[in-house]
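*Asks:* Below is target-v8.cif; it holds mmCIF, C-alpha atoms.
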```
data_model
loop_
_atom_site.label_atom_id
_atom_site.label_comp_id
_atom_site.auth_asym_id
_atom_site.auth_seq_id
_atom_site.Cartn_x
_atom_site.Cartn_y
_atom_site.Cartn_z
CA MET A 3 -97.80 -75.38 -4.86
CA ASN A 4 -94.54 -76.10 -6.58
CA THR A 5 -94.62 -79.74 -7.67
CA GLY A 6 -91.31 -79.67 -9.46
CA ASN A 7 -89.32 -80.78 -6.45
CA ARG A 8 -88.07 -84.34 -6.38
CA PRO A 9 -90.69 -86.51 -4.64
CA PHE A 10 -89.94 -88.44 -1.51
CA LEU A 11 -88.39 -91.80 -2.19
CA LEU A 12 -90.16 -95.11 -1.83
CA LEU A 13 -87.64 -97.58 -0.56
CA ALA A 14 -87.63 -101.20 0.35
CA CYS A 15 -86.15 -101.65 3.80
CA LEU A 16 -84.48 -105.03 3.72
CA GLY A 17 -84.43 -107.34 6.68
CA SER A 18 -81.80 -109.80 7.69
CA LEU A 19 -81.32 -113.34 6.51
CA SER A 20 -81.03 -115.60 9.50
CA SER A 21 -81.82 -119.10 10.75
CA PRO A 22 -83.33 -121.25 12.00
CA ALA A 23 -87.13 -121.28 12.11
CA ASN A 24 -89.91 -123.65 11.21
CA ALA A 25 -93.04 -122.93 9.17
CA ASP A 26 -94.71 -123.76 5.88
CA TRP A 27 -93.25 -121.96 2.89
CA GLN A 28 -95.77 -119.23 2.35
CA ALA A 29 -95.12 -115.57 2.94
CA VAL A 30 -97.17 -113.86 5.64
CA GLU A 31 -97.95 -110.38 4.34
CA THR A 32 -99.15 -107.57 6.62
CA VAL A 33 -100.12 -103.97 5.96
CA LYS A 34 -99.60 -101.37 8.68
CA SER A 35 -100.12 -97.64 8.57
CA TYR A 36 -98.70 -94.41 9.93
CA ALA A 37 -100.95 -91.41 10.55
CA ILE A 38 -100.90 -88.27 8.44
CA THR A 39 -103.00 -85.11 8.58
CA GLY A 40 -104.58 -82.78 6.03
CA GLN A 41 -107.77 -82.27 4.08
CA SER A 42 -106.29 -81.57 0.65
CA GLY A 43 -103.80 -83.33 -1.61
CA PRO A 44 -100.99 -80.84 -0.94
CA GLU A 45 -101.60 -81.02 2.83
CA LEU A 46 -101.59 -84.82 2.82
CA TYR A 47 -98.40 -84.99 0.79
CA ALA A 48 -96.71 -82.43 3.03
CA SER A 49 -97.68 -84.54 6.05
CA ILE A 50 -96.17 -87.61 4.40
CA GLY A 51 -92.95 -85.62 4.09
CA GLU A 52 -93.05 -84.87 7.81
CA HIS A 53 -94.18 -88.26 9.14
CA GLY A 54 -93.15 -90.85 6.58
CA PRO A 55 -90.83 -93.63 7.70
CA LYS A 56 -87.25 -92.42 7.85
CA LEU A 57 -84.90 -94.73 6.01
CA GLY A 58 -81.41 -93.38 6.42
CA PRO A 59 -81.44 -89.66 5.58
CA THR A 60 -84.61 -89.94 3.49
CA ARG A 61 -88.30 -89.85 4.36
CA ALA A 62 -90.27 -92.39 2.36
CA ILE A 63 -93.92 -92.39 1.32
CA ALA A 64 -94.10 -96.09 2.10
CA HIS A 65 -91.76 -98.99 2.55
CA THR A 66 -91.57 -102.75 2.52
CA SER A 67 -89.65 -104.67 5.13
CA PHE A 68 -89.24 -108.37 5.73
CA LYS A 69 -87.98 -110.96 8.14
CA LEU A 70 -86.66 -114.21 6.74
CA THR A 71 -85.60 -117.19 8.80
CA TRP A 72 -84.78 -120.74 7.77
CA SER A 73 -85.02 -124.27 9.05
CA ARG A 74 -82.21 -126.15 7.37
CA LYS A 75 -81.24 -129.81 7.44
CA TYR A 76 -77.64 -130.82 6.77
CA GLU A 77 -76.40 -134.38 6.32
CA ALA A 78 -72.92 -135.83 6.11
CA HIS A 79 -72.47 -138.03 3.05
CA GLY A 80 -69.11 -139.69 3.47
CA ASP A 81 -66.70 -136.85 4.13
CA ALA A 82 -68.97 -134.31 2.36
CA CYS A 83 -71.79 -132.18 3.77
CA VAL A 84 -75.08 -131.77 1.91
CA LEU A 85 -77.90 -129.31 2.55
CA VAL A 86 -80.81 -131.69 2.03
CA SER A 87 -83.63 -129.26 2.81
CA ALA A 88 -84.27 -125.60 3.63
CA LEU A 89 -87.68 -124.39 4.77
CA PRO A 90 -88.10 -120.61 4.77
CA LYS A 91 -90.34 -118.55 7.01
CA LEU A 92 -90.97 -115.18 5.41
CA ALA A 93 -92.91 -112.25 6.90
CA ILE A 94 -93.36 -109.13 4.76
CA THR A 95 -94.69 -105.84 6.15
CA TYR A 96 -95.94 -103.01 3.97
CA THR A 97 -96.07 -99.62 5.73
CA LEU A 98 -98.39 -97.06 4.12
CA PRO A 99 -99.69 -93.59 5.05
CA LYS A 100 -103.27 -93.22 6.30
CA PRO A 101 -105.19 -89.97 6.89
CA SER A 102 -106.15 -89.58 10.54
CA LYS A 103 -109.50 -87.95 9.71
CA PRO A 104 -112.16 -88.48 7.01
CA LEU A 105 -111.44 -86.60 3.79
CA PRO A 106 -113.76 -84.40 1.69
CA ALA A 107 -115.27 -86.28 -1.25
CA GLY A 108 -113.05 -84.77 -3.96
CA THR A 109 -109.87 -85.23 -1.98
CA ARG A 110 -110.90 -88.75 -0.98
CA GLU A 111 -111.17 -89.86 -4.63
CA HIS A 112 -107.69 -88.56 -5.43
CA TRP A 113 -106.31 -90.06 -2.22
CA GLU A 114 -107.73 -93.49 -2.97
CA THR A 115 -106.16 -93.47 -6.43
CA PHE A 116 -102.85 -92.39 -4.90
CA ILE A 117 -102.76 -94.92 -2.06
CA ASP A 118 -103.93 -97.81 -4.27
CA GLY A 119 -101.06 -97.05 -6.65
CA VAL A 120 -98.53 -96.77 -3.82
CA HIS A 121 -99.74 -100.07 -2.34
CA GLU A 122 -99.43 -101.71 -5.75
CA HIS A 123 -95.87 -100.38 -5.98
CA GLU A 124 -94.98 -101.86 -2.60
CA LEU A 125 -96.48 -105.22 -3.56
CA VAL A 126 -93.95 -105.39 -6.38
CA HIS A 127 -91.19 -105.03 -3.77
CA GLY A 128 -92.85 -107.93 -1.94
CA ASP A 129 -92.75 -109.99 -5.13
CA PHE A 130 -89.03 -109.22 -5.48
CA ILE A 131 -88.46 -110.52 -1.94
CA LYS A 132 -90.46 -113.71 -2.53
CA ASP A 133 -88.54 -114.28 -5.75
CA MET A 134 -85.27 -113.86 -3.87
CA VAL A 135 -86.31 -116.55 -1.38
CA LYS A 136 -87.08 -118.94 -4.24
CA LYS A 137 -83.66 -118.21 -5.73
CA ILE A 138 -82.03 -118.90 -2.35
CA GLU A 139 -83.77 -122.27 -2.24
CA ALA A 140 -82.62 -123.10 -5.76
CA ALA A 141 -79.05 -122.01 -5.05
CA THR A 142 -78.63 -123.83 -1.75
CA VAL A 143 -80.79 -126.97 -1.48
CA GLY A 144 -78.65 -129.87 -2.64
CA LEU A 145 -75.44 -127.89 -2.15
CA THR A 146 -72.59 -130.31 -1.44
CA VAL A 147 -69.24 -129.31 0.03
CA PRO A 148 -66.49 -131.97 0.02
CA ALA A 149 -64.16 -132.60 2.94
CA ASP A 150 -66.70 -131.13 5.36
CA PRO A 151 -67.99 -134.02 7.53
CA GLN A 152 -68.80 -131.62 10.40
CA CYS A 153 -70.85 -129.35 8.08
CA ARG A 154 -68.89 -126.21 8.85
CA LYS A 155 -67.47 -125.15 5.49
CA ILE A 156 -70.87 -125.39 3.84
CA LYS A 157 -72.19 -122.51 5.94
CA SER A 158 -69.53 -120.08 4.73
CA GLU A 159 -70.21 -121.18 1.15
CA MET A 160 -73.92 -120.53 1.67
CA THR A 161 -73.22 -117.10 3.15
CA LYS A 162 -71.45 -116.09 -0.07
CA ARG A 163 -74.36 -117.27 -2.20
CA LEU A 164 -76.95 -115.58 0.02
CA GLY A 165 -75.00 -112.31 0.00
CA ALA A 166 -74.95 -112.20 -3.80
CA LEU A 167 -78.69 -112.91 -4.04
CA SER A 168 -79.52 -110.34 -1.36
CA ASN A 169 -77.43 -107.69 -3.09
CA ALA A 170 -79.13 -108.44 -6.41
CA GLN A 171 -82.56 -108.05 -4.83
CA ARG A 172 -81.59 -104.73 -3.24
CA GLN A 173 -80.36 -103.43 -6.59
CA GLN A 174 -83.53 -104.61 -8.29
CA SER A 175 -85.60 -102.67 -5.75
CA ARG A 176 -83.48 -99.53 -6.15
CA ASP A 177 -83.79 -99.69 -9.94
CA PHE A 178 -87.57 -100.14 -9.69
CA ASP A 179 -87.91 -97.15 -7.35
CA ARG A 180 -85.76 -95.01 -9.60
CA ALA A 181 -87.90 -95.83 -12.65
CA GLU A 182 -91.23 -95.29 -10.89
CA LEU A 183 -90.13 -92.00 -9.28
CA SER A 184 -88.45 -90.51 -12.33
CA ASP A 185 -90.23 -87.74 -14.25
CA GLY A 186 -93.22 -89.39 -15.90
CA GLY A 187 -92.85 -92.56 -13.84
CA LYS A 188 -95.91 -94.20 -12.33
CA VAL A 189 -95.39 -93.05 -8.73
CA HIS A 190 -94.29 -89.59 -9.84
CA GLN A 191 -97.59 -89.29 -11.73
CA LEU A 192 -99.52 -90.45 -8.65
CA ILE A 193 -97.85 -87.73 -6.59
CA LEU A 194 -98.58 -85.01 -9.14
CA ASN A 195 -102.20 -86.10 -9.46
CA LEU A 196 -102.66 -86.03 -5.70
CA VAL A 197 -101.04 -82.63 -5.23
CA ASN A 198 -102.60 -80.97 -8.28
CA GLY A 199 -105.99 -82.60 -8.16
CA GLY A 200 -106.72 -83.17 -4.49
#
```
I need this file expressed as structure tokens, please.
*Replies:*
Amino acid sequence: MNTGNRPFLLLACLGSLSSPANADWQAVETVKSYAITGQSGPELYASIGEHGPKLGPTRAIAHTSFKLTWSRKYEAHGDACVLVSALPKLAITYTLPKPSKPLPAGTREHWETFIDGVHEHELVHGDFIKDMVKKIEAATVGLTVPADPQCRKIKSEMTKRLGALSNAQRQQSRDFDRAELSDGGKVHQLILNLVNGG
């Protein structure tokens, strides 16, 4: 099988930043799967290409999505508004392929190496998201906007800060995918090993 074609992209599918919610600040991380078929490495990879999650025009091997909501407390201090606390609620979902039937021993070994590496890749996307939430906390808690006793201006100021942090996280994920999927990159090697060895 020709393995020189560009592999399917792994992409982080980014959720929306919204509010409010109420929970302890600890990410809830969940793994879900989509079914693929095949008994060999090439067959499994071809099935990923047919059934992988579609993100825009591209089929992905796997993807990471999240939902982030906030419980925020604003207080008026004189004529200024202060964000005195912000409690995030973060849910991250990793979607990975899973063979629908048991695999032959040789294929199974190659598959396990492949899927463990892909899962590890997606966990890095999860770390990027958790880091973004920490940066949002640092950039917004304690924010003070003068001449805003009704706490209206502060929300537009926060939207600007959140947009910049979200865009930075998206770019970080894109750069990571590009490096891992480039020739010789970690995920590219996982794909070649699965297709050539399984």
*Asks:* For the point (-103.0, -88.9, -9.7) in the file's frame, write as a list in words all residues with an atom no more than 10 Å away, counting all atoms listed in the file.
*Replies:* Gly43, Glu111, His112, Trp113, Glu114, Thr115, Phe116, Ile117, Gly119, Lys188, Val189, His190, Gln191, Leu192, Ile193, Leu194, Asn195, Leu196, Val197, Asn198, Gly199 and Gly200 of chain A
*Asks:* Distance atom CA of Lys162 of chain A-atom CA of Ser87 of chain A, one decimal place?
*Replies:*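 That distance, rounded to one decimal, is 18.2 Å.
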*Asks:* Suppose a student applies the PyMOL selection byres ((chain A and resi 89-103) around 6) to this structure; what residues should they get, written as a tab-separated table (two decimals) with C-alpha atoms, keeping the file's coordinate frame?
*Replies:*
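Generated file (out-v1.tsv):
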```
chain	number	residue	atom	x	y	z
A	25	ALA	CA	-93.04	-122.93	9.17
A	27	TRP	CA	-93.25	-121.96	2.89
A	29	ALA	CA	-95.12	-115.57	2.94
A	30	VAL	CA	-97.17	-113.86	5.64
A	31	GLU	CA	-97.95	-110.38	4.34
A	32	THR	CA	-99.15	-107.57	6.62
A	33	VAL	CA	-100.12	-103.97	5.96
A	34	LYS	CA	-99.60	-101.37	8.68
A	35	SER	CA	-100.12	-97.64	8.57
A	36	TYR	CA	-98.70	-94.41	9.93
A	37	ALA	CA	-100.95	-91.41	10.55
A	38	ILE	CA	-100.90	-88.27	8.44
A	39	THR	CA	-103.00	-85.11	8.58
A	64	ALA	CA	-94.10	-96.09	2.10
A	65	HIS	CA	-91.76	-98.99	2.55
A	66	THR	CA	-91.57	-102.75	2.52
A	67	SER	CA	-89.65	-104.67	5.13
A	68	PHE	CA	-89.24	-108.37	5.73
A	69	LYS	CA	-87.98	-110.96	8.14
A	70	LEU	CA	-86.66	-114.21	6.74
A	71	THR	CA	-85.60	-117.19	8.80
A	72	TRP	CA	-84.78	-120.74	7.77
A	73	SER	CA	-85.02	-124.27	9.05
A	88	ALA	CA	-84.27	-125.60	3.63
A	104	PRO	CA	-112.16	-88.48	7.01
```
*Asks:* With all atoms listed in the file as the basis for distance, which of A:Arg176, A:His79, A:Arg61, A:Arg74 is at the shortest distance from Asp150 of chain A?
*Replies:*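 Looking at the shortest contact to Asp150 of chain A, the residue is A:His79.
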*Asks:* Hey, can you check how far atom CA of His121 of chain A sits from atom CA of Glu139 of chain A?
*Replies:* 27.3 Å
*Asks:* Rank nothing, just name the residue among A:Lys75, A:Arg110, A:Arg163, A:His53 nearest to Ala141 of chain A, using only C-alpha atoms.
*Replies:*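 The closest residue to Ala141 of chain A is A:Arg163.
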*Asks:* Figure out the distance between atom CA of Gly144 of chain A and atom CA of Leu164 of chain A, please, to one decimal in Å.
*Replies:* 14.6 Å
*Asks:* Taking all atoms listed in the file into account, which of A:Gly54, A:Arg180, A:Gln174, A:Gly80 comes nearest Ala149 of chain A?
*Replies:* A:Gly80
*Asks:* Enumerate, as a compact mmCIF listing (two decimals) with C-alpha atoms, in the frame of the given file, the protein, DNA and RNA residues whose atoms approach (-89.1, -102.3, -3.1) to within 10 Å, taking into account all atoms listed in the file and the coordinate frame of the file.
*Replies:*
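part-v5.txt written:
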```
# COMPACT_ATOMS: atom_id res chain seq x y z
CA LEU A 12 -90.16 -95.11 -1.83
CA LEU A 13 -87.64 -97.58 -0.56
CA ALA A 14 -87.63 -101.20 0.35
CA CYS A 15 -86.15 -101.65 3.80
CA LEU A 16 -84.48 -105.03 3.72
CA ALA A 64 -94.10 -96.09 2.10
CA HIS A 65 -91.76 -98.99 2.55
CA THR A 66 -91.57 -102.75 2.52
CA SER A 67 -89.65 -104.67 5.13
CA TYR A 96 -95.94 -103.01 3.97
CA HIS A 123 -95.87 -100.38 -5.98
CA GLU A 124 -94.98 -101.86 -2.60
CA LEU A 125 -96.48 -105.22 -3.56
CA VAL A 126 -93.95 -105.39 -6.38
CA HIS A 127 -91.19 -105.03 -3.77
CA GLY A 128 -92.85 -107.93 -1.94
CA ASP A 129 -92.75 -109.99 -5.13
CA PHE A 130 -89.03 -109.22 -5.48
CA ILE A 131 -88.46 -110.52 -1.94
CA GLN A 171 -82.56 -108.05 -4.83
CA ARG A 172 -81.59 -104.73 -3.24
CA GLN A 173 -80.36 -103.43 -6.59
CA GLN A 174 -83.53 -104.61 -8.29
CA SER A 175 -85.60 -102.67 -5.75
CA ARG A 176 -83.48 -99.53 -6.15
CA ASP A 177 -83.79 -99.69 -9.94
CA PHE A 178 -87.57 -100.14 -9.69
CA ASP A 179 -87.91 -97.15 -7.35
```
*Asks:* Between A:Leu167, A:Ile50, A:Val120, A:Ile63, which has the minimum distance to Lys136 of chain A (counting only C-alpha atoms)?
*Replies:* A:Leu167
